[in-house]
Amino acid sequence: MSGIYIHIPFCRKACRYCDFYFSVSLQYRDEFVNRLVEEIRIKGALNPGVSLDTLYLGGGTPSVLTISHLEKILEAINRYYSFRDNPEWTMECNPDDLDYNTVKKLKQIGFNRLSIGIQSFQEKDLKIMRRSHDANQAEASVRLAAEAGFSNISIDLIYGIPEQTTREWKQNIERTLLLPISHISAYHLTFEPGTVFDHWRKRGRLTPVTEDESVEKYRILRKALLSAGFEHYELSNFAREGRVSEHNMLYWSGFPYLAFGPSAHSFDGEKRSWNISSLKAYMEGVAAGKNFSESEKLSIREQYHDYLITSLRTRWGCDPVFMEKQFGPEFSGHFEKEARSYIEIGSMYRSGGRVAIDPNHWLITDHILRALFMD
């Protein structure tokens, strides 16, 4: 399996918690799309005959592009790459960018999965995060997408927002479960360095929630979604049967993927590469035929650690036989030795030859990983 990720670096507003690379200079959209198409052409010539399983447009906010922009990008992708039958094509969207005609057109040009950034149905949460939509727009966008023919709709939620009560979090989940969705990504708010929220935290303007509050909200979420028929298949992700994110499974399973756009990261199994995190420098680099990316070859130890970090986030866990073949007996032996004690106490388990962390113990994943890493 392999896929393509395209980073669309535009947002209408700067959300106060986000540390992804973005720009609010929407006047550069035309030039950016032209340079992006050129990057797709350049990399397409270097990767002839590549057959792909997924396409994912993230950001930023891909839905700030026009349908014409998107058609131009997809035309370039289809010219230089091929896909298996019925590939998963996902686009991230903000609720305020979606109306019926837009979502209908997104379906017509090839997208079959939408990931809608709702984050919360509480107006005070949306205001403090500086989201560009309100709660009613959030709900309406999902229903419009379903009416336009999308049967695979994911939404994002954030918990651990300062001053968000347990009652409000339960209301978010209840309102979510009334919507025609097949997938939920629920992330705990983190105060990333350089963000407005982190600046406010340092000044005492915002206080992070306590660990006990975080655990309570996580358990409320997990219990409610499991009861509603969702599978908790990855630390932060829940899906109805057959609706896991195929693209994100590439990351969590260690498969290769290509990426385009400023700040976008690619992986070929042994080497990571990433484009420069500057819209201006990216466009100038592509236009001039100059290098606009960097790369690093991972050591065996780094590959082993990456495999653990990604695979043990999922309910399928990791494969010790694959470890021995890919990284050598030193690493697989270390894993077996360190995992044994966690298996004995029930934090980890074996199933079908694989070893996984029990989902009831996912909250201590970082603790377990530290023991499994090679010094």
# chains A, B, ... in the order shown; residues from 1 in each chain; ligands from 1
>>> residues_around(residues="Lys290 in chain A", least_positions_apart="4", cutoff="12 Å", atoms="only C-alpha atoms", output="list in words")
Glu39, Ile42, Asn275, Ile276, Ala281, Tyr282, Met283, Glu284, Gly285, Val286 and Glu294 of chain A
>>> write_last_selection(atoms="C-alpha atoms", output="tab-separated table (two decimals), in the first residue's frame")
chain	number	residue	atom	x	y	z
A	39	GLU	CA	6.00	19.66	-7.97
A	42	ILE	CA	8.68	16.70	-11.02
A	275	ASN	CA	9.47	20.33	2.04
A	276	ILE	CA	10.41	23.71	3.43
A	281	ALA	CA	10.31	29.84	-0.37
A	282	TYR	CA	8.42	26.76	-1.57
A	283	MET	CA	6.89	28.57	-4.56
A	284	GLU	CA	10.18	30.25	-5.45
A	285	GLY	CA	12.07	26.97	-5.15
A	286	VAL	CA	9.69	25.06	-7.40
A	294	GLU	CA	15.47	18.12	3.00
>>> residues_around(residues="Glu163 in chain A", least_positions_apart="5", cutoff="12 Å", atoms="only C-alpha atoms", output="JSON, numbers by chain")
{"A": [122, 124, 125, 128, 168, 169, 205, 206, 207, 208, 209, 210, 213]}
>>> residues_around(residues="range 51-53 of chain A", least_positions_apart="4", cutoff="6 Å", atoms="only C-alpha atoms", output="JSON, numbers by chain")
{"A": [2, 3, 82, 83, 84, 87]}
>>> residues_around(residues="Asp306 in chain A", least_positions_apart="3", cutoff="12 Å", atoms="only C-alpha atoms", output="ChimeraX atom specification")
/A:251-255,267,269-272,298-303,309-313,318,323,327,369,372-374
>>> write_last_selection(atoms="N, CA and C atoms", output="PDB file, in the first residue's frame")
ATOM      1  N   TYR A 251       0.378   5.490   7.614  1.00  0.00           N
ATOM      2  CA  TYR A 251       1.325   6.028   8.591  1.00  0.00           C
ATOM      3  C   TYR A 251       1.525   5.054   9.752  1.00  0.00           C
ATOM      4  N   TRP A 252       0.415   4.552  10.267  1.00  0.00           N
ATOM      5  CA  TRP A 252       0.481   3.716  11.465  1.00  0.00           C
ATOM      6  C   TRP A 252       1.036   2.321  11.178  1.00  0.00           C
ATOM      7  N   SER A 253       1.056   1.929   9.902  1.00  0.00           N
ATOM      8  CA  SER A 253       1.558   0.599   9.538  1.00  0.00           C
ATOM      9  C   SER A 253       2.959   0.632   8.930  1.00  0.00           C
ATOM     10  N   GLY A 254       3.532   1.825   8.793  1.00  0.00           N
ATOM     11  CA  GLY A 254       4.891   1.934   8.272  1.00  0.00           C
ATOM     12  C   GLY A 254       5.002   1.828   6.767  1.00  0.00           C
ATOM     13  N   PHE A 255       3.897   2.011   6.030  1.00  0.00           N
ATOM     14  CA  PHE A 255       3.939   1.956   4.571  1.00  0.00           C
ATOM     15  C   PHE A 255       4.452   3.283   4.007  1.00  0.00           C
ATOM     16  N   PHE A 267       7.787   9.540   3.059  1.00  0.00           N
ATOM     17  CA  PHE A 267       8.515   8.426   3.673  1.00  0.00           C
ATOM     18  C   PHE A 267       8.562   7.285   2.669  1.00  0.00           C
ATOM     19  N   GLY A 269      10.127   4.230   3.432  1.00  0.00           N
ATOM     20  CA  GLY A 269      10.436   3.008   4.162  1.00  0.00           C
ATOM     21  C   GLY A 269      11.739   3.100   4.928  1.00  0.00           C
ATOM     22  N   GLU A 270      12.678   3.891   4.409  1.00  0.00           N
ATOM     23  CA  GLU A 270      13.970   4.067   5.066  1.00  0.00           C
ATOM     24  C   GLU A 270      14.354   5.534   5.219  1.00  0.00           C
ATOM     25  N   LYS A 271      13.801   6.379   4.396  1.00  0.00           N
ATOM     26  CA  LYS A 271      14.202   7.785   4.376  1.00  0.00           C
ATOM     27  C   LYS A 271      12.996   8.688   4.535  1.00  0.00           C
ATOM     28  N   ARG A 272      13.118   9.699   5.390  1.00  0.00           N
ATOM     29  CA  ARG A 272      12.126  10.745   5.514  1.00  0.00           C
ATOM     30  C   ARG A 272      12.590  11.949   4.705  1.00  0.00           C
ATOM     31  N   LEU A 298      17.032   7.080   7.954  1.00  0.00           N
ATOM     32  CA  LEU A 298      16.834   6.625   9.322  1.00  0.00           C
ATOM     33  C   LEU A 298      17.760   5.453   9.639  1.00  0.00           C
ATOM     34  N   SER A 299      18.323   5.464  10.842  1.00  0.00           N
ATOM     35  CA  SER A 299      19.093   4.312  11.303  1.00  0.00           C
ATOM     36  C   SER A 299      18.131   3.164  11.598  1.00  0.00           C
ATOM     37  N   ILE A 300      18.665   1.966  11.751  1.00  0.00           N
ATOM     38  CA  ILE A 300      17.809   0.820  12.088  1.00  0.00           C
ATOM     39  C   ILE A 300      17.093   1.078  13.407  1.00  0.00           C
ATOM     40  N   ARG A 301      17.795   1.672  14.373  1.00  0.00           N
ATOM     41  CA  ARG A 301      17.172   1.968  15.669  1.00  0.00           C
ATOM     42  C   ARG A 301      16.008   2.941  15.495  1.00  0.00           C
ATOM     43  N   GLU A 302      16.202   3.982  14.683  1.00  0.00           N
ATOM     44  CA  GLU A 302      15.131   4.957  14.449  1.00  0.00           C
ATOM     45  C   GLU A 302      13.949   4.311  13.727  1.00  0.00           C
ATOM     46  N   GLN A 303      14.224   3.420  12.771  1.00  0.00           N
ATOM     47  CA  GLN A 303      13.137   2.719  12.081  1.00  0.00           C
ATOM     48  C   GLN A 303      12.356   1.843  13.059  1.00  0.00           C
ATOM     49  N   ILE A 309       6.183   3.303  17.697  1.00  0.00           N
ATOM     50  CA  ILE A 309       5.368   4.477  17.995  1.00  0.00           C
ATOM     51  C   ILE A 309       4.073   4.465  17.195  1.00  0.00           C
ATOM     52  N   THR A 310       4.156   4.067  15.934  1.00  0.00           N
ATOM     53  CA  THR A 310       2.962   4.096  15.080  1.00  0.00           C
ATOM     54  C   THR A 310       2.094   2.848  15.260  1.00  0.00           C
ATOM     55  N   SER A 311       2.691   1.668  15.202  1.00  0.00           N
ATOM     56  CA  SER A 311       1.893   0.436  15.232  1.00  0.00           C
ATOM     57  C   SER A 311       1.208   0.220  16.580  1.00  0.00           C
ATOM     58  N   LEU A 312       1.859   0.595  17.675  1.00  0.00           N
ATOM     59  CA  LEU A 312       1.273   0.342  18.993  1.00  0.00           C
ATOM     60  C   LEU A 312       0.207   1.365  19.361  1.00  0.00           C
ATOM     61  N   ARG A 313      -0.045   2.324  18.474  1.00  0.00           N
ATOM     62  CA  ARG A 313      -1.195   3.210  18.655  1.00  0.00           C
ATOM     63  C   ARG A 313      -2.483   2.535  18.199  1.00  0.00           C
ATOM     64  N   CYS A 318       1.892  -4.582  16.792  1.00  0.00           N
ATOM     65  CA  CYS A 318       3.060  -4.806  15.936  1.00  0.00           C
ATOM     66  C   CYS A 318       3.305  -6.298  15.715  1.00  0.00           C
ATOM     67  N   MET A 323       9.449  -7.533  12.669  1.00  0.00           N
ATOM     68  CA  MET A 323      10.545  -6.835  13.345  1.00  0.00           C
ATOM     69  C   MET A 323      11.873  -7.540  13.118  1.00  0.00           C
ATOM     70  N   PHE A 327      14.413  -5.426  11.163  1.00  0.00           N
ATOM     71  CA  PHE A 327      15.375  -4.726  12.017  1.00  0.00           C
ATOM     72  C   PHE A 327      16.465  -5.629  12.597  1.00  0.00           C
ATOM     73  N   LEU A 369       6.119   2.422  25.761  1.00  0.00           N
ATOM     74  CA  LEU A 369       7.081   2.640  24.673  1.00  0.00           C
ATOM     75  C   LEU A 369       8.490   2.898  25.207  1.00  0.00           C
ATOM     76  N   LEU A 372      10.135  -0.271  25.773  1.00  0.00           N
ATOM     77  CA  LEU A 372      10.376  -1.088  24.558  1.00  0.00           C
ATOM     78  C   LEU A 372      11.456  -0.501  23.674  1.00  0.00           C
ATOM     79  N   PHE A 373      11.750   0.787  23.830  1.00  0.00           N
ATOM     80  CA  PHE A 373      12.789   1.419  23.012  1.00  0.00           C
ATOM     81  C   PHE A 373      14.166   0.827  23.334  1.00  0.00           C
ATOM     82  N   MET A 374      15.064   0.903  22.359  1.00  0.00           N
ATOM     83  CA  MET A 374      16.460   0.519  22.557  1.00  0.00           C
ATOM     84  C   MET A 374      17.242   1.762  22.942  1.00  0.00           C
TER      85      MET A 374
END
>>> atom_distance(atom1="CA of Ala259 in chain A", atom2="CA of Ser132 in chain A")
26.9 Å
>>> residues_around(residues="Ser120 in chain A", least_positions_apart="4", cutoff="8 Å", atoms="only C-alpha atoms", output="list of chain:residue names")
A:Asp125, A:Leu126, A:Ala135, A:Leu157, A:Ile158, A:Asn172
>>> residues_around(residues="Pro62 in chain A", least_positions_apart="3", cutoff="12 Å", atoms="only C-alpha atoms", output="PyMOL selection string")
chain A and resi 5-12+22-23+26+29+33+56-59+65-67+69-70+73+90-95+97-98+106+114-117+261
>>> closest_atom_pairs(of="range 173-244 of chain A", to="range 338-362 of chain A", cutoff="9 Å", atoms="only C-alpha atoms", output="Markdown table")
| residue | atom | partner | partner_atom | distance |
| --- | --- | --- | --- | --- |
| A:His232 | CA | A:Pro359 | CA | 7.8 |
| A:Tyr233 | CA | A:Pro359 | CA | 8.5 |
| A:Glu234 | CA | A:Pro359 | CA | 8.5 |
| A:Leu235 | CA | A:Trp362 | CA | 6.6 |
>>> atom_distance(atom1="CA of Arg130 in chain A", atom2="CA of Tyr17 in chain A")
8.8 Å
>>> residues_around(residues="Phe230 in chain A", least_positions_apart="5", cutoff="12 Å", atoms="only C-alpha atoms", output="tab-separated table (two decimals) with N, CA and C atoms, in the first residue's frame")
chain	number	residue	atom	x	y	z
A	177	LEU	N	-23.25	11.94	17.89
A	177	LEU	CA	-23.86	10.65	17.59
A	177	LEU	C	-25.22	10.77	16.90
A	181	ILE	N	-22.39	10.14	10.47
A	181	ILE	CA	-20.94	10.04	10.31
A	181	ILE	C	-20.49	8.59	10.48
A	182	SER	N	-19.30	8.29	9.94
A	182	SER	CA	-18.77	6.93	10.03
A	182	SER	C	-17.43	6.88	10.76
A	183	HIS	N	-16.90	8.05	11.11
A	183	HIS	CA	-15.56	8.09	11.70
A	183	HIS	C	-15.43	9.33	12.59
A	184	ILE	N	-14.72	9.18	13.70
A	184	ILE	CA	-14.49	10.29	14.63
A	184	ILE	C	-13.02	10.29	15.03
A	185	SER	N	-12.37	11.43	14.87
A	185	SER	CA	-11.02	11.64	15.41
A	185	SER	C	-11.16	12.58	16.59
A	221	LEU	N	-15.67	9.45	26.51
A	221	LEU	CA	-15.67	9.34	25.04
A	221	LEU	C	-15.65	7.89	24.60
A	222	ARG	N	-14.72	7.13	25.12
A	222	ARG	CA	-14.56	5.73	24.72
A	222	ARG	C	-15.82	4.92	25.03
A	223	LYS	N	-16.37	5.08	26.22
A	223	LYS	CA	-17.57	4.32	26.60
A	223	LYS	C	-18.75	4.66	25.70
A	224	ALA	N	-18.94	5.94	25.42
A	224	ALA	CA	-20.09	6.37	24.62
A	224	ALA	C	-19.98	5.87	23.18
A	225	LEU	N	-18.77	5.97	22.59
A	225	LEU	CA	-18.63	5.58	21.19
A	225	LEU	C	-18.67	4.07	21.01
A	237	ASN	N	-8.77	7.56	17.37
A	237	ASN	CA	-9.69	7.38	16.25
A	237	ASN	C	-10.68	6.24	16.46
A	238	PHE	N	-11.91	6.52	16.03
A	238	PHE	CA	-13.02	5.57	16.16
A	238	PHE	C	-13.72	5.46	14.81
A	239	ALA	N	-14.14	4.25	14.45
A	239	ALA	CA	-14.78	4.08	13.15
A	239	ALA	C	-15.91	3.05	13.22
A	240	ARG	N	-16.92	3.28	12.40
A	240	ARG	CA	-17.90	2.22	12.20
A	240	ARG	C	-17.26	1.13	11.35
A	241	GLU	N	-17.87	-0.03	11.30
A	241	GLU	CA	-17.28	-1.19	10.62
A	241	GLU	C	-16.92	-0.85	9.17
A	242	GLY	N	-15.67	-1.15	8.80
A	242	GLY	CA	-15.22	-0.93	7.44
A	242	GLY	C	-14.86	0.50	7.09
A	243	ARG	N	-14.84	1.40	8.08
A	243	ARG	CA	-14.63	2.81	7.79
A	243	ARG	C	-13.38	3.38	8.47
A	244	VAL	N	-12.39	2.55	8.76
A	244	VAL	CA	-11.14	3.10	9.28
A	244	VAL	C	-10.52	4.00	8.21
>>> closest_residue(among="A:Val24, A:Asn34, A:Tyr81, A:Trp274", to="Asn291 in chain A", atoms="only C-alpha atoms")
A:Trp274
